[in-house]
$ cat work_4.txt   # compact mmCIF, C-alpha atoms
# COMPACT_ATOMS: atom_id res chain seq x y z
CA MET A 1 14.52 15.92 -34.07
CA VAL A 2 12.73 13.38 -31.89
CA LYS A 3 13.28 13.47 -28.14
CA ILE A 4 13.23 10.17 -26.24
CA VAL A 5 12.93 10.20 -22.45
CA LEU A 6 13.63 7.16 -20.26
CA ARG A 7 13.64 7.85 -16.51
CA ASN A 8 16.35 10.51 -16.10
CA GLN A 9 17.96 9.89 -19.49
CA GLU A 10 17.25 11.83 -22.69
CA PHE A 11 18.16 10.94 -26.27
CA GLU A 12 17.74 12.82 -29.54
CA VAL A 13 17.30 10.91 -32.78
CA ARG A 14 16.44 11.90 -36.32
CA PRO A 15 12.77 11.74 -37.35
CA GLY A 16 11.34 9.32 -39.89
CA MET A 17 12.39 6.10 -38.18
CA THR A 18 10.03 3.58 -36.67
CA LEU A 19 9.85 3.24 -32.90
CA LEU A 20 11.53 -0.18 -33.22
CA SER A 21 14.48 1.23 -35.18
CA THR A 22 14.76 4.09 -32.71
CA LEU A 23 14.86 1.75 -29.73
CA GLN A 24 17.54 -0.33 -31.43
CA LYS A 25 19.55 2.80 -32.14
CA ILE A 26 19.57 3.87 -28.49
CA ASP A 27 20.09 0.26 -27.34
CA VAL A 28 16.82 -0.17 -25.46
CA LEU A 29 15.06 -3.54 -25.64
CA PRO A 30 11.45 -3.16 -26.86
CA GLU A 31 10.44 -5.87 -24.40
CA SER A 32 11.62 -3.73 -21.48
CA VAL A 33 9.56 -0.60 -22.14
CA ILE A 34 6.24 0.84 -23.26
CA ALA A 35 6.36 3.97 -25.40
CA ALA A 36 3.88 6.82 -25.13
CA ARG A 37 3.41 9.95 -27.23
CA ASP A 38 1.11 12.67 -25.86
CA GLY A 39 -0.23 10.15 -23.34
CA GLU A 40 -1.14 7.55 -26.02
CA LEU A 41 0.64 4.21 -26.21
CA ILE A 42 2.41 3.59 -29.50
CA GLU A 43 3.79 0.38 -30.95
CA GLU A 44 6.92 -0.67 -32.81
CA ASP A 45 5.78 0.19 -36.35
CA GLU A 46 4.92 3.81 -35.46
CA ILE A 47 6.91 6.37 -37.48
CA LEU A 48 8.36 9.06 -35.22
CA LYS A 49 7.95 12.61 -36.50
CA ASP A 50 10.01 15.75 -36.12
CA GLY A 51 9.17 17.45 -32.82
CA ASP A 52 7.81 14.28 -31.16
CA THR A 53 8.62 13.65 -27.52
CA ILE A 54 8.42 9.95 -26.74
CA LYS A 55 8.26 8.83 -23.14
CA LEU A 56 9.58 5.34 -22.49
CA ILE A 57 8.12 3.72 -19.38
CA ALA A 58 10.25 0.96 -17.91
CA ALA A 59 8.46 -2.34 -17.40
CA ILE A 60 10.97 -4.11 -15.17
CA SER A 61 10.50 -3.89 -11.45
CA GLY A 62 11.19 -6.02 -8.44
CA GLY A 63 14.04 -6.95 -6.22
CA MET B 1 -0.51 -2.13 -36.51
CA LYS B 2 -4.22 -2.94 -36.24
CA CYS B 3 -6.34 -4.44 -33.50
CA ARG B 4 -7.16 -8.04 -34.36
CA THR B 5 -10.66 -7.67 -32.92
CA CYS B 6 -11.92 -4.41 -34.44
CA GLY B 7 -9.28 -3.33 -36.97
CA GLY B 8 -8.70 -0.02 -35.14
CA LYS B 9 -5.29 1.29 -34.21
CA ALA B 10 -3.52 -1.13 -31.86
CA ALA B 11 -2.25 0.13 -28.51
CA VAL B 12 -0.42 -3.05 -27.48
CA ASN B 13 1.34 -5.69 -29.55
CA MET B 14 2.16 -9.03 -27.95
CA ARG B 15 4.72 -10.69 -30.18
CA GLN B 16 4.63 -13.92 -28.17
CA HIS B 17 0.93 -14.33 -29.04
CA LYS B 18 1.12 -12.67 -32.49
CA LEU B 19 -1.69 -10.51 -31.17
CA ALA B 20 -2.21 -6.73 -31.31
CA LEU B 21 -5.18 -5.06 -29.63
CA CYS B 22 -6.61 -1.56 -29.25
CA LYS B 23 -7.10 -0.04 -25.80
CA GLU B 24 -10.73 -1.14 -25.47
CA HIS B 25 -10.15 -4.73 -26.49
CA TYR B 26 -6.88 -5.03 -24.54
CA LEU B 27 -8.69 -3.97 -21.36
CA GLU B 28 -11.22 -6.73 -22.03
CA TRP B 29 -8.63 -9.33 -23.01
CA ILE B 30 -6.47 -9.11 -19.86
CA PRO B 31 -9.23 -9.86 -17.30
CA GLY B 32 -10.42 -12.67 -19.60
CA GLN B 33 -6.95 -14.20 -19.49
CA VAL B 34 -6.72 -13.83 -15.72
CA GLU B 35 -10.11 -15.51 -15.31
CA ARG B 36 -8.92 -18.36 -17.54
CA PHE B 37 -5.79 -18.91 -15.40
CA ILE B 38 -7.76 -18.71 -12.13
CA GLU B 39 -10.01 -21.49 -13.41
CA LYS B 40 -7.28 -23.55 -15.12
CA TYR B 41 -5.17 -23.76 -11.97
CA ALA B 42 -8.19 -23.92 -9.59
CA MET B 43 -6.92 -20.89 -7.66
CA PHE B 44 -10.19 -19.83 -6.00
CA THR B 45 -13.90 -19.39 -6.53
CA ARG B 46 -16.24 -16.42 -6.20
CA GLN B 47 -17.43 -17.85 -2.88
CA GLU B 48 -13.98 -17.62 -1.31
CA LYS B 49 -12.42 -14.63 0.48
CA ILE B 50 -9.25 -13.43 -1.18
CA LEU B 51 -6.53 -11.32 0.41
CA VAL B 52 -4.50 -9.47 -2.23
CA ALA B 53 -0.99 -8.42 -1.19
CA VAL B 54 -0.74 -4.88 -2.55
CA SER B 55 2.56 -3.01 -2.71
CA GLY B 56 1.48 0.09 -4.62
CA GLY B 57 3.23 -1.18 -7.74
CA LYS B 58 1.67 -1.74 -11.15
CA ASP B 59 1.24 -5.51 -10.83
CA SER B 60 -0.48 -5.80 -7.47
CA LEU B 61 -2.75 -2.79 -8.01
CA SER B 62 -3.67 -4.13 -11.46
CA LEU B 63 -4.39 -7.56 -9.96
CA TRP B 64 -6.69 -5.99 -7.36
CA ASP B 65 -8.38 -3.98 -10.11
CA ILE B 66 -8.88 -7.06 -12.29
CA LEU B 67 -10.26 -9.21 -9.46
CA GLN B 68 -12.80 -6.58 -8.51
CA ARG B 69 -13.80 -6.15 -12.18
CA LEU B 70 -14.31 -9.93 -12.37
CA GLY B 71 -16.52 -9.86 -9.28
CA TYR B 72 -14.29 -11.69 -6.80
CA GLN B 73 -14.33 -10.92 -3.05
CA ALA B 74 -10.88 -9.38 -2.86
CA ASP B 75 -9.61 -7.25 0.03
CA GLY B 76 -6.14 -5.71 0.09
CA LEU B 77 -3.19 -5.98 2.44
CA TYR B 78 -0.52 -3.31 2.46
CA ILE B 79 2.62 -3.92 4.52
CA CYS B 80 4.49 -0.72 5.37
CA LEU B 81 8.16 -1.68 5.36
CA GLY B 82 9.50 1.69 6.48
CA ILE B 83 11.75 2.22 3.46
CA ASP B 84 12.51 5.89 2.96
CA GLU B 85 16.00 6.30 1.51
CA GLY B 86 15.33 9.93 0.66
CA ILE B 87 12.42 9.25 -1.71
CA HIS B 88 9.73 8.33 0.89
CA TYR B 89 9.31 5.02 -0.91
CA SER B 90 7.05 3.28 1.62
CA SER B 91 4.92 6.30 2.51
CA GLU B 92 4.32 7.10 -1.16
CA SER B 93 3.47 3.45 -1.92
CA GLN B 94 1.01 3.45 0.97
CA ARG B 95 -0.56 6.71 -0.17
CA LEU B 96 -1.14 5.34 -3.69
CA THR B 97 -2.53 2.05 -2.36
CA GLU B 98 -4.92 3.80 0.03
CA ALA B 99 -6.03 6.20 -2.71
CA PHE B 100 -6.76 3.24 -5.01
CA ALA B 101 -8.78 1.50 -2.28
CA VAL B 102 -10.81 4.64 -1.53
CA ALA B 103 -11.44 5.42 -5.21
CA ASN B 104 -12.71 1.89 -5.83
CA GLY B 105 -14.54 1.36 -2.53
CA LEU B 106 -12.29 -1.55 -1.54
CA LYS B 107 -11.30 -2.78 1.91
CA LEU B 108 -7.62 -2.42 2.76
CA HIS B 109 -5.74 -3.82 5.75
CA VAL B 110 -2.51 -2.05 6.71
CA VAL B 111 0.33 -3.53 8.73
CA ASP B 112 3.09 -1.13 9.75
CA ILE B 113 6.19 -3.17 10.58
CA GLN B 114 7.73 -0.43 12.72
CA LYS B 115 4.54 0.03 14.77
CA GLU B 116 4.03 -3.72 15.18
CA TYR B 117 7.59 -4.80 15.87
CA GLY B 118 9.42 -1.59 16.80
CA GLN B 119 11.76 -1.46 13.83
CA THR B 120 11.60 -0.82 10.10
CA VAL B 121 12.76 -3.45 7.62
CA PRO B 122 16.05 -1.62 6.90
CA GLU B 123 16.68 -1.39 10.67
CA TYR B 124 16.02 -5.11 11.07
CA ALA B 125 18.29 -5.85 8.16
CA HIS B 126 21.06 -3.73 9.58
CA ARG B 127 21.04 -5.73 12.80
CA THR B 128 20.82 -9.22 11.36
CA HIS B 129 23.45 -11.31 9.64
CA ARG B 130 21.01 -12.21 6.86
CA GLY B 131 20.54 -8.61 5.73
CA GLN B 132 23.87 -6.96 6.32
CA THR B 133 24.67 -6.40 2.66
CA LYS B 134 21.09 -5.86 1.44
CA PRO B 135 17.72 -5.91 3.22
CA CYS B 136 15.92 -7.86 0.44
CA SER B 137 16.25 -11.23 2.15
CA VAL B 138 14.97 -9.87 5.49
CA CYS B 139 12.23 -7.98 3.66
CA GLY B 140 11.06 -11.16 1.92
CA LEU B 141 11.03 -13.08 5.19
CA ILE B 142 8.99 -10.41 6.98
CA LYS B 143 6.52 -10.00 4.11
CA ARG B 144 5.91 -13.76 3.79
CA HIS B 145 5.37 -14.09 7.53
CA GLU B 146 3.02 -11.11 7.79
CA MET B 147 0.99 -11.99 4.70
CA ASN B 148 0.38 -15.47 6.04
CA ARG B 149 -0.35 -14.22 9.56
CA VAL B 150 -2.98 -11.71 8.40
CA ALA B 151 -4.59 -14.19 5.99
CA ARG B 152 -4.83 -16.76 8.79
CA ASP B 153 -5.90 -14.38 11.59
CA LEU B 154 -8.58 -12.64 9.52
CA GLY B 155 -9.98 -15.82 8.01
CA TYR B 156 -9.09 -15.42 4.36
CA ASP B 157 -9.25 -18.52 2.18
CA VAL B 158 -6.43 -17.54 -0.10
CA LEU B 159 -3.58 -15.09 -0.48
CA ALA B 160 -3.05 -13.62 -3.96
CA THR B 161 0.13 -11.89 -5.10
CA GLY B 162 0.87 -9.90 -8.24
CA HIS B 163 3.81 -11.97 -9.50
CA ASN B 164 3.89 -11.78 -13.29
CA LEU B 165 5.50 -14.09 -15.85
CA ASP B 166 8.78 -12.16 -15.79
CA ASP B 167 8.97 -12.52 -11.99
CA GLU B 168 8.32 -16.24 -12.30
CA ALA B 169 10.75 -16.78 -15.18
CA ALA B 170 13.51 -14.84 -13.37
CA THR B 171 12.97 -16.86 -10.18
CA LEU B 172 12.96 -20.08 -12.17
CA PHE B 173 16.11 -19.03 -14.01
CA GLY B 174 17.91 -18.28 -10.73
CA ASN B 175 16.79 -21.51 -9.10
CA THR B 176 17.79 -23.51 -12.16
CA LEU B 177 21.26 -21.99 -12.24
CA THR B 178 21.79 -23.29 -8.71
CA TRP B 179 19.51 -26.36 -9.05
CA SER B 180 17.67 -25.34 -5.90
CA GLY B 181 15.42 -28.37 -5.74
CA ASP B 182 13.35 -27.27 -2.76
CA TYR B 183 12.51 -23.96 -4.37
CA LEU B 184 11.81 -25.52 -7.77
CA LEU B 185 9.45 -27.95 -6.09
CA ARG B 186 7.40 -25.13 -4.58
CA GLN B 187 7.28 -22.68 -7.50
CA GLY B 188 4.01 -22.56 -9.39
CA PRO B 189 0.70 -20.75 -9.92
CA VAL B 190 -0.70 -22.27 -6.70
CA LEU B 191 1.03 -23.22 -3.48
CA PRO B 192 -1.60 -25.33 -1.70
CA GLY B 193 -2.49 -24.42 1.86
CA THR B 194 -1.39 -26.60 4.75
CA PRO B 195 -2.37 -26.33 8.42
CA GLY B 196 -1.24 -22.84 9.45
CA LEU B 197 -0.16 -21.84 5.96
CA ALA B 198 -2.59 -20.00 3.67
CA ARG B 199 -2.99 -21.12 0.04
CA LYS B 200 -0.97 -18.79 -2.16
CA VAL B 201 -1.88 -18.01 -5.76
CA LYS B 202 -0.41 -15.95 -8.59
CA PRO B 203 -3.19 -15.08 -11.05
CA LEU B 204 -0.82 -13.00 -13.24
CA CYS B 205 1.83 -15.70 -13.56
CA ARG B 206 1.33 -16.13 -17.30
CA LEU B 207 1.15 -12.44 -18.18
CA TYR B 208 4.31 -10.61 -19.22
CA GLU B 209 5.52 -7.68 -17.13
CA ARG B 210 5.16 -5.47 -20.21
CA GLU B 211 1.53 -6.57 -20.57
CA MET B 212 0.83 -5.64 -16.96
CA LEU B 213 2.47 -2.26 -17.42
CA ALA B 214 0.30 -1.63 -20.46
CA TYR B 215 -2.78 -2.62 -18.47
CA ALA B 216 -1.94 -0.25 -15.61
CA LEU B 217 -1.27 2.63 -18.01
CA LEU B 218 -4.39 2.07 -20.10
CA ARG B 219 -6.57 1.72 -16.99
CA GLY B 220 -5.10 4.92 -15.58
CA ILE B 221 -3.91 3.19 -12.40
CA ASP B 222 -1.67 5.51 -10.41
CA TYR B 223 1.15 3.28 -9.20
CA ILE B 224 4.62 3.85 -7.74
CA TYR B 225 7.00 4.10 -10.66
CA ASP B 226 10.18 4.48 -8.64
CA GLU B 227 12.05 1.27 -8.07
CA CYS B 228 12.57 0.17 -4.48
CA PRO B 229 15.88 1.89 -3.66
CA PHE B 230 17.29 -1.42 -2.47
CA ALA B 231 16.36 -3.23 -5.70
CA GLU B 232 19.07 -1.47 -7.71
CA ASP B 233 21.47 -4.09 -9.04
CA ALA B 234 19.21 -6.87 -7.69
CA THR B 235 19.97 -10.27 -9.18
CA SER B 236 16.33 -10.77 -10.18
CA ILE B 237 16.42 -7.60 -12.29
CA TYR B 238 19.62 -8.78 -13.96
CA TYR B 239 17.94 -12.10 -14.79
CA LYS B 240 14.91 -10.28 -16.17
CA GLU B 241 17.15 -8.25 -18.47
CA LEU B 242 18.91 -11.39 -19.68
CA LEU B 243 15.59 -13.10 -20.35
CA ASN B 244 14.34 -10.04 -22.23
CA ARG B 245 17.37 -10.28 -24.51
CA LEU B 246 16.37 -13.85 -25.28
CA GLU B 247 12.74 -12.79 -25.72
CA ASN B 248 13.77 -10.09 -28.16
CA ASP B 249 15.31 -12.70 -30.46
CA ARG B 250 12.83 -15.48 -29.78
CA PRO B 251 9.36 -14.13 -28.89
CA GLY B 252 7.61 -16.45 -26.46
CA VAL B 253 10.72 -17.97 -24.93
CA LYS B 254 9.99 -16.65 -21.41
CA LEU B 255 6.49 -18.12 -21.44
CA SER B 256 7.74 -21.39 -22.88
CA PHE B 257 10.50 -21.61 -20.24
CA TYR B 258 7.92 -21.30 -17.46
CA LEU B 259 5.21 -23.51 -18.96
CA THR B 260 7.56 -26.34 -19.93
CA PHE B 261 8.97 -26.25 -16.37
CA LEU B 262 5.46 -26.66 -14.95
CA GLU B 263 4.81 -29.51 -17.35
CA ALA B 264 8.11 -31.24 -16.55
CA ARG B 265 7.36 -31.08 -12.86
CA ARG B 266 3.87 -32.42 -13.43
CA ASN B 267 5.46 -35.31 -15.30
CA GLY B 268 7.59 -36.22 -12.30
CA LEU B 269 10.84 -34.29 -12.81
CA PHE B 270 11.00 -33.54 -9.08
CA ALA B 271 10.24 -35.45 -5.89
CA ASP B 272 6.72 -35.69 -4.57
CA ARG B 273 5.77 -32.50 -2.76
CA GLU B 274 4.27 -34.50 0.12
CA GLN B 275 7.74 -35.65 1.14
CA VAL B 276 8.81 -32.07 1.77
CA ALA B 277 5.57 -30.85 3.35
CA ALA B 278 5.66 -33.66 5.87
CA GLU B 279 8.80 -32.20 7.40
CA LEU B 280 7.08 -28.94 8.44
CA HIS B 281 5.90 -28.36 12.00
CA PRO B 282 4.34 -25.37 13.78
CA CYS B 283 6.63 -22.70 15.22
CA PRO B 284 6.15 -22.82 19.02
CA ARG B 285 5.73 -19.02 19.14
CA CYS B 286 3.66 -17.91 16.13
CA GLY B 287 2.23 -21.25 15.03
CA GLN B 288 3.24 -20.82 11.40
CA PRO B 289 4.76 -23.89 9.73
CA THR B 290 8.55 -24.07 9.68
CA SER B 291 11.10 -26.62 8.60
CA SER B 292 13.65 -25.57 11.22
CA ASP B 293 13.89 -27.03 14.72
CA GLY B 294 12.35 -24.69 17.31
CA LEU B 295 11.39 -21.15 16.31
CA CYS B 296 10.73 -20.18 12.67
CA SER B 297 13.14 -17.80 10.93
CA PHE B 298 10.89 -14.79 11.57
CA CYS B 299 10.54 -15.45 15.30
CA LYS B 300 14.26 -16.12 15.64
CA MET B 301 14.85 -12.68 14.13
CA THR B 302 12.30 -10.90 16.30
CA ASP B 303 13.18 -12.94 19.38
CA ARG B 304 14.82 -10.04 21.11
CA LEU B 305 11.72 -7.82 20.68
CA GLY B 306 8.82 -10.20 21.25
CA ALA B 307 6.25 -7.54 20.26
CA ALA B 308 2.55 -8.39 20.10
CA THR B 309 0.85 -7.86 16.74
CA THR B 310 -2.41 -6.33 15.64
CA VAL B 311 -3.81 -5.45 12.25
CA LYS B 312 -5.40 -2.12 11.48
CA GLU B 313 -8.47 -2.39 9.26
CA GLY B 314 -9.12 0.37 6.76
$ encode --input "work_4.txt" --output "structure tokens"
Amino acid sequence: MVKIVLRNQEFEVRPGMTLLSTLQKIDVLPESVIAARDGELIEEDEILKDGDTIKLIAAISGG
Amino acid sequence: MKCRTCGGKAAVNMRQHKLALCKEHYLEWIPGQVERFIEKYAMFTRQEKILVAVSGGKDSLSLWDILQRLGYQADGLYICLGIDEGIHYSSESQRLTEAFAVANGLKLHVVDIQKEYGQTVPEYAHRTHRGQTKPCSVCGLIKRHEMNRVARDLGYDVLATGHNLDDEAATLFGNTLTWSGDYLLRQGPVLPGTPGLARKVKPLCRLYEREMLAYALLRGIDYIYDECPFAEDATSIYYKELLNRLENDRPGVKLSFYLTFLEARRNGLFADREQVAAELHPCPRCGQPTSSDGLCSFCKMTDRLGAATTVKEG
């Protein structure tokens, strides 16, 4: 499985999907986050593999 | 996805520009864009002294980083608001800002609101009508007053803030929903200086929030990731989320919204700015321009304290 972490939330999705499909599946807007795997930024066409942990870093800030 | 410049693996894809870049070329592209906007909107020159308002967040630290990489004379100003709320928000922001300044050999001015005026921002907010539900309005008032005061007192030519395109689009969206003419008239990359009021510029105003996040991450800038505890459920964040839903379906719509607004205003959509500026006069206490009769909003709020102010130089 692929583990997705966004702040204090965690999701598990099946491997083999692109990052874009994964974000759509967990209802996260690609425009609102940057994804990193092992400290490297990855983009929407990246295929997520079994055992990956993807950290989503929220872009939105302000008040 | 490949870098358009070198064909290597792309680190960042910007759908609104149909442009993907690798880390190396992205970190070259962003300062190039900022330089282009500084020149296009005549924000400042390399001969001028710039005061960068630094909060410890990704945008303002990145702006400071970019300006120093481009060779501008940019010092920092950190305003300690005294927000703790169990996560030491202000002290952690200050620590990160000071660490950035030390690591890069940059000059940082620090203003501690509690030391200068006797109360933290949340304490002020608690005691004033304007901030009873949330301190954001009081916080904004205090920050604007202090930024201008320090810029004026220490002889800076211009005050630069890290507002990005998403900040600007969300503000524009909110002001358009209420047709707040005065605010729409003043919003833009440059707010010209007037007697007593420093010129304000936003060099990141055409860069998406996501682009600035990518820059901070790729540059290894250690910024405060936690949201201000009072920003939860803020209207501006709600507007940003709405605009991102639009952007998801129509890449470039946020940028277009902002740029077409600037163009419409340039073409005379709103009244001449001079008509509004003429109504300002100096506050009898602090000397900063105000549109209200008598004391400015800041001095009205601090009237009961009347504390003298000094700025600590780092």
$ atom_distance --input "work_4.txt" --atom1 "CA of Phe37 in chain B" --atom2 "CA of Pro203 in chain B"
6.4 Å
$ residues_around --input "work_4.txt" --residues "Lys49 in chain A" --least-positions-apart "4" --cutoff "10 Å" --atoms "all atoms listed in the file" --output "VMD selection string"
chain A and resid 1 to 3 14 to 18 53
$ interface_residues --input "work_4.txt" --of "chain B" --to "chain A" --cutoff "8 Å" --atoms "all atoms listed in the file" --output "PDB file with C-alpha atoms, in the coordinates of the input"
ATOM      1  CA  MET B   1      -0.510  -2.130 -36.510  1.00  0.00           C
ATOM      2  CA  ALA B  10      -3.520  -1.130 -31.860  1.00  0.00           C
ATOM      3  CA  ALA B  11      -2.250   0.130 -28.510  1.00  0.00           C
ATOM      4  CA  VAL B  12      -0.420  -3.050 -27.480  1.00  0.00           C
ATOM      5  CA  ASN B  13       1.340  -5.690 -29.550  1.00  0.00           C
ATOM      6  CA  CYS B 136      15.920  -7.860   0.440  1.00  0.00           C
ATOM      7  CA  ASP B 167       8.970 -12.520 -11.990  1.00  0.00           C
ATOM      8  CA  GLU B 209       5.520  -7.680 -17.130  1.00  0.00           C
ATOM      9  CA  ARG B 210       5.160  -5.470 -20.210  1.00  0.00           C
ATOM     10  CA  LEU B 213       2.470  -2.260 -17.420  1.00  0.00           C
ATOM     11  CA  ALA B 214       0.300  -1.630 -20.460  1.00  0.00           C
ATOM     12  CA  GLU B 227      12.050   1.270  -8.070  1.00  0.00           C
ATOM     13  CA  CYS B 228      12.570   0.170  -4.480  1.00  0.00           C
ATOM     14  CA  PHE B 230      17.290  -1.420  -2.470  1.00  0.00           C
ATOM     15  CA  ALA B 231      16.360  -3.230  -5.700  1.00  0.00           C
ATOM     16  CA  GLU B 232      19.070  -1.470  -7.710  1.00  0.00           C
ATOM     17  CA  ALA B 234      19.210  -6.870  -7.690  1.00  0.00           C
ATOM     18  CA  THR B 235      19.970 -10.270  -9.180  1.00  0.00           C
ATOM     19  CA  SER B 236      16.330 -10.770 -10.180  1.00  0.00           C
ATOM     20  CA  ILE B 237      16.420  -7.600 -12.290  1.00  0.00           C
ATOM     21  CA  LYS B 240      14.910 -10.280 -16.170  1.00  0.00           C
ATOM     22  CA  GLU B 241      17.150  -8.250 -18.470  1.00  0.00           C
ATOM     23  CA  ASN B 244      14.340 -10.040 -22.230  1.00  0.00           C
ATOM     24  CA  ARG B 245      17.370 -10.280 -24.510  1.00  0.00           C
ATOM     25  CA  GLU B 247      12.740 -12.790 -25.720  1.00  0.00           C
ATOM     26  CA  ASN B 248      13.770 -10.090 -28.160  1.00  0.00           C
TER      27      ASN B 248
END
$ atom_distance --input "work_4.txt" --atom1 "CA of Tyr239 in chain B" --atom2 "CA of Phe173 in chain B"
7.2 Å
$ residues_around --input "work_4.txt" --residues "range 154-156 of chain B" --least-positions-apart "4" --cutoff "12 Å" --atoms "only C-alpha atoms" --output "PyMOL selection string"
chain B and resi 44+47-52+73-77+109+146-150+160+193+196-200+310-313
$ residues_around --input "work_4.txt" --residues "Cys205 in chain B" --least-positions-apart "2" --cutoff "12 Å" --atoms "only C-alpha atoms" --output "VMD selection string"
chain B and resid 33 to 34 36 to 38 41 43 59 to 60 63 160 to 171 187 to 190 201 to 203 207 to 209 211 to 212 254 to 255 258 to 259 262
$ write_last_selection --input "work_4.txt" --atoms "C-alpha atoms" --output "short mmCIF file (atom, residue, chain, number, x, y, z; two decimals), in the coordinates of the input"
data_model
loop_
_atom_site.label_atom_id
_atom_site.label_comp_id
_atom_site.auth_asym_id
_atom_site.auth_seq_id
_atom_site.Cartn_x
_atom_site.Cartn_y
_atom_site.Cartn_z
CA GLN B 33 -6.95 -14.20 -19.49
CA VAL B 34 -6.72 -13.83 -15.72
CA ARG B 36 -8.92 -18.36 -17.54
CA PHE B 37 -5.79 -18.91 -15.40
CA ILE B 38 -7.76 -18.71 -12.13
CA TYR B 41 -5.17 -23.76 -11.97
CA MET B 43 -6.92 -20.89 -7.66
CA ASP B 59 1.24 -5.51 -10.83
CA SER B 60 -0.48 -5.80 -7.47
CA LEU B 63 -4.39 -7.56 -9.96
CA ALA B 160 -3.05 -13.62 -3.96
CA THR B 161 0.13 -11.89 -5.10
CA GLY B 162 0.87 -9.90 -8.24
CA HIS B 163 3.81 -11.97 -9.50
CA ASN B 164 3.89 -11.78 -13.29
CA LEU B 165 5.50 -14.09 -15.85
CA ASP B 166 8.78 -12.16 -15.79
CA ASP B 167 8.97 -12.52 -11.99
CA GLU B 168 8.32 -16.24 -12.30
CA ALA B 169 10.75 -16.78 -15.18
CA ALA B 170 13.51 -14.84 -13.37
CA THR B 171 12.97 -16.86 -10.18
CA GLN B 187 7.28 -22.68 -7.50
CA GLY B 188 4.01 -22.56 -9.39
CA PRO B 189 0.70 -20.75 -9.92
CA VAL B 190 -0.70 -22.27 -6.70
CA VAL B 201 -1.88 -18.01 -5.76
CA LYS B 202 -0.41 -15.95 -8.59
CA PRO B 203 -3.19 -15.08 -11.05
CA LEU B 207 1.15 -12.44 -18.18
CA TYR B 208 4.31 -10.61 -19.22
CA GLU B 209 5.52 -7.68 -17.13
CA GLU B 211 1.53 -6.57 -20.57
CA MET B 212 0.83 -5.64 -16.96
CA LYS B 254 9.99 -16.65 -21.41
CA LEU B 255 6.49 -18.12 -21.44
CA TYR B 258 7.92 -21.30 -17.46
CA LEU B 259 5.21 -23.51 -18.96
CA LEU B 262 5.46 -26.66 -14.95
#
$ atom_distance --input "work_4.txt" --atom1 "CA of Arg250 in chain B" --atom2 "CA of Gln9 in chain A"
27.9 Å
$ closest_residue --input "work_4.txt" --among "B:Pro31, B:Pro135, B:Gly268, B:Pro251" --to "Lys18 in chain B" --atoms "only C-alpha atoms"
B:Pro251
$ closest_residue --input "work_4.txt" --among "B:Thr45, B:Ser62, B:Thr176, B:Ser256" --to "Ala101 in chain B" --atoms "all atoms listed in the file"
B:Ser62
$ residues_around --input "work_4.txt" --residues "His145 in chain B" --least-positions-apart "5" --cutoff "10 Å" --atoms "all atoms listed in the file" --output "list in words"
Cys139, Gly140, Val150, Leu197, Cys286, Gln288, Cys296, Ser297, Phe298 and Cys299 of chain B
$ closest_residue --input "work_4.txt" --among "A:Leu19, A:Val13, A:Ile26, A:Leu6" --to "Gly51 in chain A" --atoms "all atoms listed in the file"
A:Val13
$ closest_residue --input "work_4.txt" --among "B:Gly57, B:Gly82, B:Pro195, B:Gly71" --to "Glu123 in chain B" --atoms "all atoms listed in the file"
B:Gly82
$ axis_aligned_box --input "work_4.txt" --around "range 15-31 of chain A" --padding-each-side "3 Å" --output "JSON"
{"center_x": 15.0, "center_y": 2.9, "center_z": -32.1, "size_x": 16.2, "size_y": 23.6, "size_z": 21.5}
$ residues_around --input "work_4.txt" --residues "Val121 in chain B" --least-positions-apart "5" --cutoff "12 Å" --atoms "only C-alpha atoms" --output "compact mmCIF listing (two decimals) with C-alpha atoms, in the coordinates of the input"
# COMPACT_ATOMS: atom_id res chain seq x y z
CA ILE B 79 2.62 -3.92 4.52
CA CYS B 80 4.49 -0.72 5.37
CA LEU B 81 8.16 -1.68 5.36
CA GLY B 82 9.50 1.69 6.48
CA ILE B 83 11.75 2.22 3.46
CA ASP B 84 12.51 5.89 2.96
CA GLU B 85 16.00 6.30 1.51
CA SER B 90 7.05 3.28 1.62
CA ASP B 112 3.09 -1.13 9.75
CA ILE B 113 6.19 -3.17 10.58
CA GLN B 114 7.73 -0.43 12.72
CA LYS B 115 4.54 0.03 14.77
CA GLU B 116 4.03 -3.72 15.18
CA HIS B 126 21.06 -3.73 9.58
CA ARG B 127 21.04 -5.73 12.80
CA THR B 128 20.82 -9.22 11.36
CA GLY B 131 20.54 -8.61 5.73
CA GLN B 132 23.87 -6.96 6.32
CA LYS B 134 21.09 -5.86 1.44
CA PRO B 135 17.72 -5.91 3.22
CA CYS B 136 15.92 -7.86 0.44
CA SER B 137 16.25 -11.23 2.15
CA VAL B 138 14.97 -9.87 5.49
CA CYS B 139 12.23 -7.98 3.66
CA GLY B 140 11.06 -11.16 1.92
CA LEU B 141 11.03 -13.08 5.19
CA ILE B 142 8.99 -10.41 6.98
CA LYS B 143 6.52 -10.00 4.11
CA PHE B 230 17.29 -1.42 -2.47
CA MET B 301 14.85 -12.68 14.13
CA THR B 302 12.30 -10.90 16.30
$ decode --input "work_4.txt" --residues "range 252-263 of chain B" --atoms "C-alpha atoms" --output "mmCIF file, in the first residue's frame"
data_model
loop_
_atom_site.group_PDB
_atom_site.id
_atom_site.type_symbol
_atom_site.label_atom_id
_atom_site.label_comp_id
_atom_site.auth_asym_id
_atom_site.auth_seq_id
_atom_site.Cartn_x
_atom_site.Cartn_y
_atom_site.Cartn_z
ATOM 1 C CA GLY B 252 -4.357 30.255 -14.793
ATOM 2 C CA VAL B 253 -7.676 31.661 -13.612
ATOM 3 C CA LYS B 254 -6.236 33.101 -10.361
ATOM 4 C CA LEU B 255 -3.491 34.940 -12.226
ATOM 5 C CA SER B 256 -5.930 36.151 -14.857
ATOM 6 C CA PHE B 257 -8.365 37.387 -12.171
ATOM 7 C CA TYR B 258 -5.628 39.509 -10.603
ATOM 8 C CA LEU B 259 -4.002 40.785 -13.794
ATOM 9 C CA THR B 260 -7.267 41.727 -15.499
ATOM 10 C CA PHE B 261 -8.262 43.613 -12.322
ATOM 11 C CA LEU B 262 -5.017 45.613 -12.469
ATOM 12 C CA GLU B 263 -5.620 46.322 -16.138
#
